[in-house]
file my_file03.cif (mmCIF, N, CA and C atoms)
data_query
loop_
_atom_site.label_atom_id
_atom_site.label_comp_id
_atom_site.auth_asym_id
_atom_site.auth_seq_id
_atom_site.Cartn_x
_atom_site.Cartn_y
_atom_site.Cartn_z
N MET A 37 0.82 -1.19 0.00
CA MET A 37 0.00 0.00 0.00
C MET A 37 0.87 1.26 0.00
N LEU A 38 1.98 1.23 0.73
CA LEU A 38 2.83 2.42 0.83
C LEU A 38 3.40 2.83 -0.52
N ARG A 39 3.58 1.87 -1.40
CA ARG A 39 4.16 2.18 -2.72
C ARG A 39 3.28 3.13 -3.52
N ALA A 40 1.99 3.10 -3.29
CA ALA A 40 1.06 3.93 -4.04
C ALA A 40 0.92 5.33 -3.46
N LEU A 41 1.69 5.65 -2.42
CA LEU A 41 1.50 6.92 -1.73
C LEU A 41 2.52 7.99 -2.13
N ASP A 42 3.36 7.73 -3.11
CA ASP A 42 4.34 8.71 -3.56
C ASP A 42 5.16 9.26 -2.39
N LEU A 43 5.81 8.36 -1.67
CA LEU A 43 6.62 8.76 -0.52
C LEU A 43 7.86 9.52 -0.95
N SER A 44 8.25 10.47 -0.15
CA SER A 44 9.52 11.18 -0.40
C SER A 44 10.66 10.27 0.05
N ASP A 45 11.87 10.62 -0.35
CA ASP A 45 13.03 9.83 0.07
C ASP A 45 13.16 9.84 1.59
N ALA A 46 12.91 10.98 2.20
CA ALA A 46 13.00 11.08 3.65
C ALA A 46 11.95 10.18 4.32
N GLN A 47 10.74 10.14 3.79
CA GLN A 47 9.70 9.28 4.35
C GLN A 47 10.08 7.81 4.21
N ARG A 48 10.60 7.44 3.03
CA ARG A 48 11.02 6.06 2.81
C ARG A 48 12.08 5.66 3.84
N GLU A 49 13.03 6.55 4.07
CA GLU A 49 14.10 6.26 5.03
C GLU A 49 13.54 6.12 6.44
N GLN A 50 12.63 7.01 6.83
CA GLN A 50 12.04 6.93 8.17
C GLN A 50 11.26 5.62 8.35
N ILE A 51 10.49 5.25 7.34
CA ILE A 51 9.70 4.03 7.41
C ILE A 51 10.62 2.81 7.42
N HIS A 52 11.67 2.86 6.63
CA HIS A 52 12.66 1.77 6.62
C HIS A 52 13.26 1.60 8.02
N THR A 53 13.61 2.70 8.66
CA THR A 53 14.19 2.65 10.00
C THR A 53 13.20 2.04 10.99
N ILE A 54 11.95 2.45 10.92
CA ILE A 54 10.91 1.92 11.82
C ILE A 54 10.78 0.41 11.65
N THR A 55 10.66 -0.04 10.41
CA THR A 55 10.47 -1.47 10.16
C THR A 55 11.73 -2.27 10.48
N GLN A 56 12.89 -1.69 10.23
CA GLN A 56 14.15 -2.37 10.55
C GLN A 56 14.29 -2.55 12.06
N GLN A 57 13.94 -1.54 12.82
CA GLN A 57 14.00 -1.64 14.29
C GLN A 57 13.09 -2.77 14.77
N GLN A 58 11.92 -2.89 14.17
CA GLN A 58 10.99 -3.95 14.55
C GLN A 58 11.59 -5.32 14.24
N ARG A 59 12.19 -5.47 13.06
CA ARG A 59 12.77 -6.76 12.67
C ARG A 59 13.94 -7.14 13.57
N GLU A 60 14.70 -6.15 14.00
CA GLU A 60 15.91 -6.43 14.79
C GLU A 60 15.62 -6.59 16.28
N ALA A 61 14.40 -6.34 16.69
CA ALA A 61 14.06 -6.46 18.11
C ALA A 61 14.33 -7.89 18.57
N ALA A 62 15.08 -8.01 19.66
CA ALA A 62 15.38 -9.33 20.20
C ALA A 62 14.09 -9.97 20.68
N ASN A 63 13.89 -11.22 20.30
CA ASN A 63 12.70 -11.97 20.70
C ASN A 63 11.42 -11.19 20.37
N SER A 64 11.30 -10.78 19.13
CA SER A 64 10.13 -10.02 18.71
C SER A 64 8.86 -10.84 18.91
N PRO A 65 7.73 -10.17 19.10
CA PRO A 65 6.46 -10.89 19.28
C PRO A 65 6.14 -11.84 18.12
N GLN A 66 6.52 -11.46 16.91
CA GLN A 66 6.26 -12.32 15.75
C GLN A 66 7.05 -13.62 15.86
N GLN A 67 8.33 -13.51 16.26
CA GLN A 67 9.16 -14.71 16.41
C GLN A 67 8.62 -15.60 17.53
N LYS A 68 8.25 -14.98 18.64
CA LYS A 68 7.72 -15.71 19.78
C LYS A 68 6.45 -16.46 19.38
N LEU A 69 5.55 -15.77 18.68
CA LEU A 69 4.30 -16.37 18.25
C LEU A 69 4.56 -17.55 17.31
N GLY A 70 5.46 -17.36 16.37
CA GLY A 70 5.79 -18.44 15.44
C GLY A 70 6.35 -19.67 16.15
N GLY A 71 7.22 -19.44 17.12
CA GLY A 71 7.79 -20.55 17.88
C GLY A 71 6.74 -21.30 18.67
N LEU A 72 5.83 -20.56 19.28
CA LEU A 72 4.76 -21.20 20.05
C LEU A 72 3.82 -21.99 19.15
N GLN A 73 3.52 -21.46 17.98
CA GLN A 73 2.65 -22.17 17.05
C GLN A 73 3.30 -23.47 16.58
N LYS A 74 4.61 -23.43 16.37
CA LYS A 74 5.34 -24.64 15.98
C LYS A 74 5.26 -25.68 17.10
N GLN A 75 5.46 -25.21 18.35
CA GLN A 75 5.37 -26.14 19.49
C GLN A 75 3.97 -26.76 19.57
N LEU A 76 2.95 -25.95 19.30
CA LEU A 76 1.58 -26.47 19.34
C LEU A 76 1.38 -27.55 18.28
N HIS A 77 1.84 -27.28 17.07
CA HIS A 77 1.69 -28.27 16.00
C HIS A 77 2.40 -29.58 16.37
N LEU A 78 3.61 -29.44 16.94
CA LEU A 78 4.34 -30.64 17.34
C LEU A 78 3.59 -31.38 18.45
N ALA A 79 3.03 -30.65 19.39
CA ALA A 79 2.27 -31.29 20.47
C ALA A 79 1.02 -31.99 19.94
N LEU A 80 0.38 -31.38 18.95
CA LEU A 80 -0.83 -31.98 18.38
C LEU A 80 -0.51 -33.26 17.60
N LEU A 81 0.69 -33.31 17.04
CA LEU A 81 1.08 -34.47 16.24
C LEU A 81 1.76 -35.57 17.05
N ALA A 82 1.88 -35.38 18.35
CA ALA A 82 2.50 -36.38 19.20
C ALA A 82 1.69 -37.67 19.18
N ASP A 83 2.38 -38.79 19.39
CA ASP A 83 1.68 -40.07 19.43
C ASP A 83 0.61 -40.08 20.51
N SER A 84 0.92 -39.46 21.64
CA SER A 84 -0.04 -39.32 22.74
C SER A 84 -0.10 -37.84 23.13
N PRO A 85 -0.97 -37.05 22.49
CA PRO A 85 -1.01 -35.61 22.78
C PRO A 85 -1.28 -35.34 24.26
N ASP A 86 -0.51 -34.44 24.82
CA ASP A 86 -0.64 -34.01 26.22
C ASP A 86 -1.58 -32.81 26.23
N MET A 87 -2.83 -33.04 26.64
CA MET A 87 -3.82 -31.98 26.57
C MET A 87 -3.49 -30.82 27.51
N GLN A 88 -2.84 -31.09 28.63
CA GLN A 88 -2.45 -30.01 29.53
C GLN A 88 -1.42 -29.11 28.85
N LYS A 89 -0.44 -29.73 28.19
CA LYS A 89 0.57 -28.94 27.47
C LYS A 89 -0.09 -28.16 26.33
N ILE A 90 -1.02 -28.77 25.64
CA ILE A 90 -1.73 -28.09 24.54
C ILE A 90 -2.51 -26.89 25.08
N ASP A 91 -3.17 -27.06 26.22
CA ASP A 91 -3.90 -25.94 26.82
C ASP A 91 -2.95 -24.82 27.23
N GLU A 92 -1.79 -25.19 27.78
CA GLU A 92 -0.80 -24.17 28.16
C GLU A 92 -0.30 -23.42 26.92
N LEU A 93 -0.06 -24.16 25.84
CA LEU A 93 0.38 -23.52 24.61
C LEU A 93 -0.70 -22.61 24.03
N LYS A 94 -1.95 -23.03 24.12
CA LYS A 94 -3.06 -22.18 23.65
C LYS A 94 -3.06 -20.85 24.40
N ALA A 95 -2.88 -20.91 25.71
CA ALA A 95 -2.86 -19.69 26.52
C ALA A 95 -1.65 -18.82 26.15
N SER A 96 -0.51 -19.46 25.96
CA SER A 96 0.70 -18.72 25.59
C SER A 96 0.56 -18.08 24.21
N ILE A 97 -0.07 -18.80 23.29
CA ILE A 97 -0.29 -18.27 21.94
C ILE A 97 -1.24 -17.07 21.99
N ALA A 98 -2.27 -17.16 22.80
CA ALA A 98 -3.21 -16.03 22.92
C ALA A 98 -2.49 -14.80 23.47
N SER A 99 -1.64 -14.99 24.46
CA SER A 99 -0.87 -13.88 25.03
C SER A 99 0.11 -13.31 24.01
N ALA A 100 0.81 -14.20 23.29
CA ALA A 100 1.78 -13.75 22.29
C ALA A 100 1.09 -13.04 21.13
N ALA A 101 -0.12 -13.50 20.77
CA ALA A 101 -0.87 -12.84 19.69
C ALA A 101 -1.26 -11.43 20.11
N ALA A 102 -1.62 -11.26 21.38
CA ALA A 102 -1.95 -9.92 21.88
C ALA A 102 -0.71 -9.03 21.85
N GLU A 103 0.44 -9.57 22.22
CA GLU A 103 1.70 -8.81 22.15
C GLU A 103 2.03 -8.43 20.71
N GLU A 104 1.84 -9.38 19.80
CA GLU A 104 2.13 -9.13 18.39
C GLU A 104 1.23 -8.03 17.84
N LEU A 105 -0.06 -8.07 18.21
CA LEU A 105 -0.99 -7.05 17.77
C LEU A 105 -0.57 -5.68 18.31
N THR A 106 -0.21 -5.61 19.57
CA THR A 106 0.24 -4.36 20.17
C THR A 106 1.47 -3.83 19.45
N SER A 107 2.40 -4.72 19.14
CA SER A 107 3.62 -4.32 18.43
C SER A 107 3.29 -3.81 17.03
N ARG A 108 2.40 -4.52 16.33
CA ARG A 108 2.01 -4.10 14.97
C ARG A 108 1.32 -2.75 14.99
N ILE A 109 0.46 -2.53 15.97
CA ILE A 109 -0.23 -1.24 16.09
C ILE A 109 0.79 -0.14 16.34
N ASP A 110 1.78 -0.41 17.18
CA ASP A 110 2.83 0.58 17.45
C ASP A 110 3.57 0.95 16.17
N VAL A 111 3.97 -0.06 15.40
CA VAL A 111 4.71 0.19 14.15
C VAL A 111 3.83 0.96 13.16
N GLU A 112 2.59 0.53 12.99
CA GLU A 112 1.72 1.19 12.03
C GLU A 112 1.39 2.61 12.45
N THR A 113 1.28 2.85 13.75
CA THR A 113 1.05 4.21 14.25
C THR A 113 2.25 5.09 13.96
N ARG A 114 3.44 4.56 14.19
CA ARG A 114 4.66 5.33 13.92
C ARG A 114 4.80 5.63 12.43
N ILE A 115 4.45 4.66 11.58
CA ILE A 115 4.51 4.88 10.13
C ILE A 115 3.48 5.92 9.72
N ALA A 116 2.27 5.85 10.27
CA ALA A 116 1.22 6.81 9.93
C ALA A 116 1.65 8.23 10.27
N GLN A 117 2.43 8.40 11.32
CA GLN A 117 2.89 9.72 11.72
C GLN A 117 3.88 10.30 10.72
N VAL A 118 4.52 9.45 9.94
CA VAL A 118 5.48 9.89 8.92
C VAL A 118 4.74 10.42 7.68
N LEU A 119 3.51 9.93 7.46
CA LEU A 119 2.75 10.29 6.27
C LEU A 119 2.10 11.67 6.41
N THR A 120 1.88 12.29 5.29
CA THR A 120 1.13 13.55 5.27
C THR A 120 -0.35 13.22 5.43
N SER A 121 -1.17 14.23 5.72
CA SER A 121 -2.61 13.98 5.86
C SER A 121 -3.20 13.49 4.53
N GLU A 122 -2.68 13.98 3.41
CA GLU A 122 -3.16 13.53 2.10
C GLU A 122 -2.81 12.07 1.87
N GLN A 123 -1.60 11.67 2.27
CA GLN A 123 -1.19 10.28 2.10
C GLN A 123 -2.01 9.36 2.99
N ARG A 124 -2.30 9.79 4.21
CA ARG A 124 -3.15 8.98 5.08
C ARG A 124 -4.55 8.82 4.49
N ALA A 125 -5.09 9.90 3.92
CA ALA A 125 -6.41 9.83 3.29
C ALA A 125 -6.39 8.86 2.11
N LYS A 126 -5.35 8.92 1.32
CA LYS A 126 -5.22 8.02 0.17
C LYS A 126 -5.09 6.57 0.65
N ALA A 127 -4.37 6.35 1.73
CA ALA A 127 -4.22 5.00 2.29
C ALA A 127 -5.56 4.49 2.81
N ARG A 128 -6.33 5.35 3.48
CA ARG A 128 -7.65 4.95 3.98
C ARG A 128 -8.55 4.55 2.82
N GLU A 129 -8.52 5.33 1.75
CA GLU A 129 -9.35 5.02 0.57
C GLU A 129 -8.95 3.67 -0.02
N ALA A 130 -7.66 3.43 -0.12
CA ALA A 130 -7.17 2.16 -0.68
C ALA A 130 -7.59 0.98 0.19
N LEU A 131 -7.49 1.15 1.50
CA LEU A 131 -7.91 0.07 2.41
C LEU A 131 -9.41 -0.18 2.32
N ALA A 132 -10.20 0.87 2.25
CA ALA A 132 -11.65 0.72 2.16
C ALA A 132 -12.05 0.00 0.88
N ALA A 133 -11.33 0.27 -0.20
CA ALA A 133 -11.66 -0.33 -1.48
C ALA A 133 -11.14 -1.76 -1.61
N ALA A 134 -10.17 -2.13 -0.78
CA ALA A 134 -9.52 -3.43 -0.93
C ALA A 134 -10.38 -4.60 -0.48
N GLY A 135 -11.32 -4.41 0.42
CA GLY A 135 -12.11 -5.52 0.91
C GLY A 135 -11.37 -6.25 2.02
N PRO A 136 -11.94 -7.37 2.48
CA PRO A 136 -11.33 -8.10 3.60
C PRO A 136 -10.02 -8.75 3.19
N PRO A 137 -9.08 -8.85 4.15
CA PRO A 137 -7.80 -9.48 3.84
C PRO A 137 -7.97 -10.98 3.67
N GLU A 138 -7.08 -11.56 2.87
CA GLU A 138 -7.07 -13.01 2.71
C GLU A 138 -6.53 -13.61 3.99
N GLY A 139 -7.22 -14.56 4.52
CA GLY A 139 -6.79 -15.21 5.75
C GLY A 139 -6.82 -16.71 5.61
N ARG A 140 -6.42 -17.36 6.67
CA ARG A 140 -6.47 -18.82 6.67
C ARG A 140 -7.93 -19.25 6.73
N ARG A 141 -8.23 -20.28 6.02
CA ARG A 141 -9.62 -20.75 5.96
C ARG A 141 -9.83 -22.02 6.78
N GLY A 142 -8.91 -22.33 7.62
CA GLY A 142 -9.04 -23.53 8.43
C GLY A 142 -7.70 -24.25 8.48
N PRO A 143 -7.70 -25.48 8.96
CA PRO A 143 -6.45 -26.24 9.06
C PRO A 143 -5.77 -26.34 7.70
N GLY A 144 -4.50 -26.03 7.69
CA GLY A 144 -3.74 -26.10 6.45
C GLY A 144 -3.99 -24.96 5.50
N GLY A 145 -4.80 -23.97 5.87
CA GLY A 145 -5.07 -22.82 5.02
C GLY A 145 -6.04 -23.11 3.90
N ARG A 146 -6.74 -24.24 3.97
CA ARG A 146 -7.67 -24.61 2.90
C ARG A 146 -9.06 -24.11 3.13
#
call {"tool": "encode", "arguments": {"input": "my_file03.cif", "output": "structure tokens"}}
result
Amino acid sequence: MLRALDLSDAQREQIHTITQQQREAANSPQQKLGGLQKQLHLALLADSPDMQKIDELKASIASAAAEELTSRIDVETRIAQVLTSEQRAKAREALAAAGPPEGRRGPGGR
């Protein structure tokens, strides 16, 4: 979406810095969430699934997802502050016209 906003070089650099800081964050919420989801899949595929462990992982995943959402909101808020009011309006229009995002449709993404 940002590509369609005619960003200045300074804006591109600021946004690059914001996103780079997020990627370099030690134990970022995205990495934590991915690791927990992998553990859950492994627990589900065990010969004898441990339901207590699965429940603990579900709770940890819910907490990590909330952290990830908070982190994403922080990054998107910081990026929005770099944009001009016209660019934000153009971004809102593009989002409104885009429709719902593609998401997983169930196990395996089917």
call {"tool": "residues_around", "arguments": {"input": "my_file03.cif", "residues": "Gly70 (chain A)", "least_positions_apart": "6", "cutoff": "8 Å", "atoms": "all atoms listed in the file", "output": "PyMOL selection string"}}
result
chain A and resi 64+76+100
call {"tool": "residues_around", "arguments": {"input": "my_file03.cif", "residues": "region 107-123 of chain A", "least_positions_apart": "3", "cutoff": "8 Å", "atoms": "all atoms listed in the file", "output": "PyMOL selection string"}}
result
chain A and resi 40-43+46-47+50-51+54-55+58+65-66+101-104+126-129
call {"tool": "atom_distance", "arguments": {"input": "my_file03.cif", "atom1": "CA of Glu92 (chain A)", "atom2": "atom N of Lys68 (chain A)"}}
result
16.0 Å
call {"tool": "select_by_dssp", "arguments": {"input": "my_file03.cif", "residues": "chain A", "states": "alpha helix (DSSP H)", "output": "PyMOL selection string"}}
result
chain A and resi 45-60+65-80+87-118+121-134
call {"tool": "resolve_selection", "arguments": {"input": "my_file03.cif", "expression": "the PyMOL selection byres (((chain A and resi 93 and name CA) around 12) and name CA)", "output": "short mmCIF file (atom, residue, chain, number, x, y, z; two decimals) with N, CA and C atoms, keeping the file's coordinate frame"}}
result
data_model
loop_
_atom_site.label_atom_id
_atom_site.label_comp_id
_atom_site.auth_asym_id
_atom_site.auth_seq_id
_atom_site.Cartn_x
_atom_site.Cartn_y
_atom_site.Cartn_z
N LYS A 68 8.25 -14.98 18.64
CA LYS A 68 7.72 -15.71 19.78
C LYS A 68 6.45 -16.46 19.38
N LEU A 69 5.55 -15.77 18.68
CA LEU A 69 4.30 -16.37 18.25
C LEU A 69 4.56 -17.55 17.31
N GLY A 70 5.46 -17.36 16.37
CA GLY A 70 5.79 -18.44 15.44
C GLY A 70 6.35 -19.67 16.15
N GLY A 71 7.22 -19.44 17.12
CA GLY A 71 7.79 -20.55 17.88
C GLY A 71 6.74 -21.30 18.67
N LEU A 72 5.83 -20.56 19.28
CA LEU A 72 4.76 -21.20 20.05
C LEU A 72 3.82 -21.99 19.15
N GLN A 73 3.52 -21.46 17.98
CA GLN A 73 2.65 -22.17 17.05
C GLN A 73 3.30 -23.47 16.58
N LYS A 74 4.61 -23.43 16.37
CA LYS A 74 5.34 -24.64 15.98
C LYS A 74 5.26 -25.68 17.10
N GLN A 75 5.46 -25.21 18.35
CA GLN A 75 5.37 -26.14 19.49
C GLN A 75 3.97 -26.76 19.57
N LEU A 76 2.95 -25.95 19.30
CA LEU A 76 1.58 -26.47 19.34
C LEU A 76 1.38 -27.55 18.28
N HIS A 77 1.84 -27.28 17.07
CA HIS A 77 1.69 -28.27 16.00
C HIS A 77 2.40 -29.58 16.37
N LEU A 78 3.61 -29.44 16.94
CA LEU A 78 4.34 -30.64 17.34
C LEU A 78 3.59 -31.38 18.45
N ALA A 79 3.03 -30.65 19.39
CA ALA A 79 2.27 -31.29 20.47
C ALA A 79 1.02 -31.99 19.94
N LEU A 80 0.38 -31.38 18.95
CA LEU A 80 -0.83 -31.98 18.38
C LEU A 80 -0.51 -33.26 17.60
N ASP A 86 -0.51 -34.44 24.82
CA ASP A 86 -0.64 -34.01 26.22
C ASP A 86 -1.58 -32.81 26.23
N MET A 87 -2.83 -33.04 26.64
CA MET A 87 -3.82 -31.98 26.57
C MET A 87 -3.49 -30.82 27.51
N GLN A 88 -2.84 -31.09 28.63
CA GLN A 88 -2.45 -30.01 29.53
C GLN A 88 -1.42 -29.11 28.85
N LYS A 89 -0.44 -29.73 28.19
CA LYS A 89 0.57 -28.94 27.47
C LYS A 89 -0.09 -28.16 26.33
N ILE A 90 -1.02 -28.77 25.64
CA ILE A 90 -1.73 -28.09 24.54
C ILE A 90 -2.51 -26.89 25.08
N ASP A 91 -3.17 -27.06 26.22
CA ASP A 91 -3.90 -25.94 26.82
C ASP A 91 -2.95 -24.82 27.23
N GLU A 92 -1.79 -25.19 27.78
CA GLU A 92 -0.80 -24.17 28.16
C GLU A 92 -0.30 -23.42 26.92
N LYS A 94 -1.95 -23.03 24.12
CA LYS A 94 -3.06 -22.18 23.65
C LYS A 94 -3.06 -20.85 24.40
N ALA A 95 -2.88 -20.91 25.71
CA ALA A 95 -2.86 -19.69 26.52
C ALA A 95 -1.65 -18.82 26.15
N SER A 96 -0.51 -19.46 25.96
CA SER A 96 0.70 -18.72 25.59
C SER A 96 0.56 -18.08 24.21
N ILE A 97 -0.07 -18.80 23.29
CA ILE A 97 -0.29 -18.27 21.94
C ILE A 97 -1.24 -17.07 21.99
N ALA A 98 -2.27 -17.16 22.80
CA ALA A 98 -3.21 -16.03 22.92
C ALA A 98 -2.49 -14.80 23.47
N SER A 99 -1.64 -14.99 24.46
CA SER A 99 -0.87 -13.88 25.03
C SER A 99 0.11 -13.31 24.01
N ALA A 100 0.81 -14.20 23.29
CA ALA A 100 1.78 -13.75 22.29
C ALA A 100 1.09 -13.04 21.13
N ALA A 101 -0.12 -13.50 20.77
CA ALA A 101 -0.87 -12.84 19.69
C ALA A 101 -1.26 -11.43 20.11
#
call {"tool": "atom_distance", "arguments": {"input": "my_file03.cif", "atom1": "CA of Leu38 (chain A)", "atom2": "CA of Ala130 (chain A)"}}
result
10.1 Å
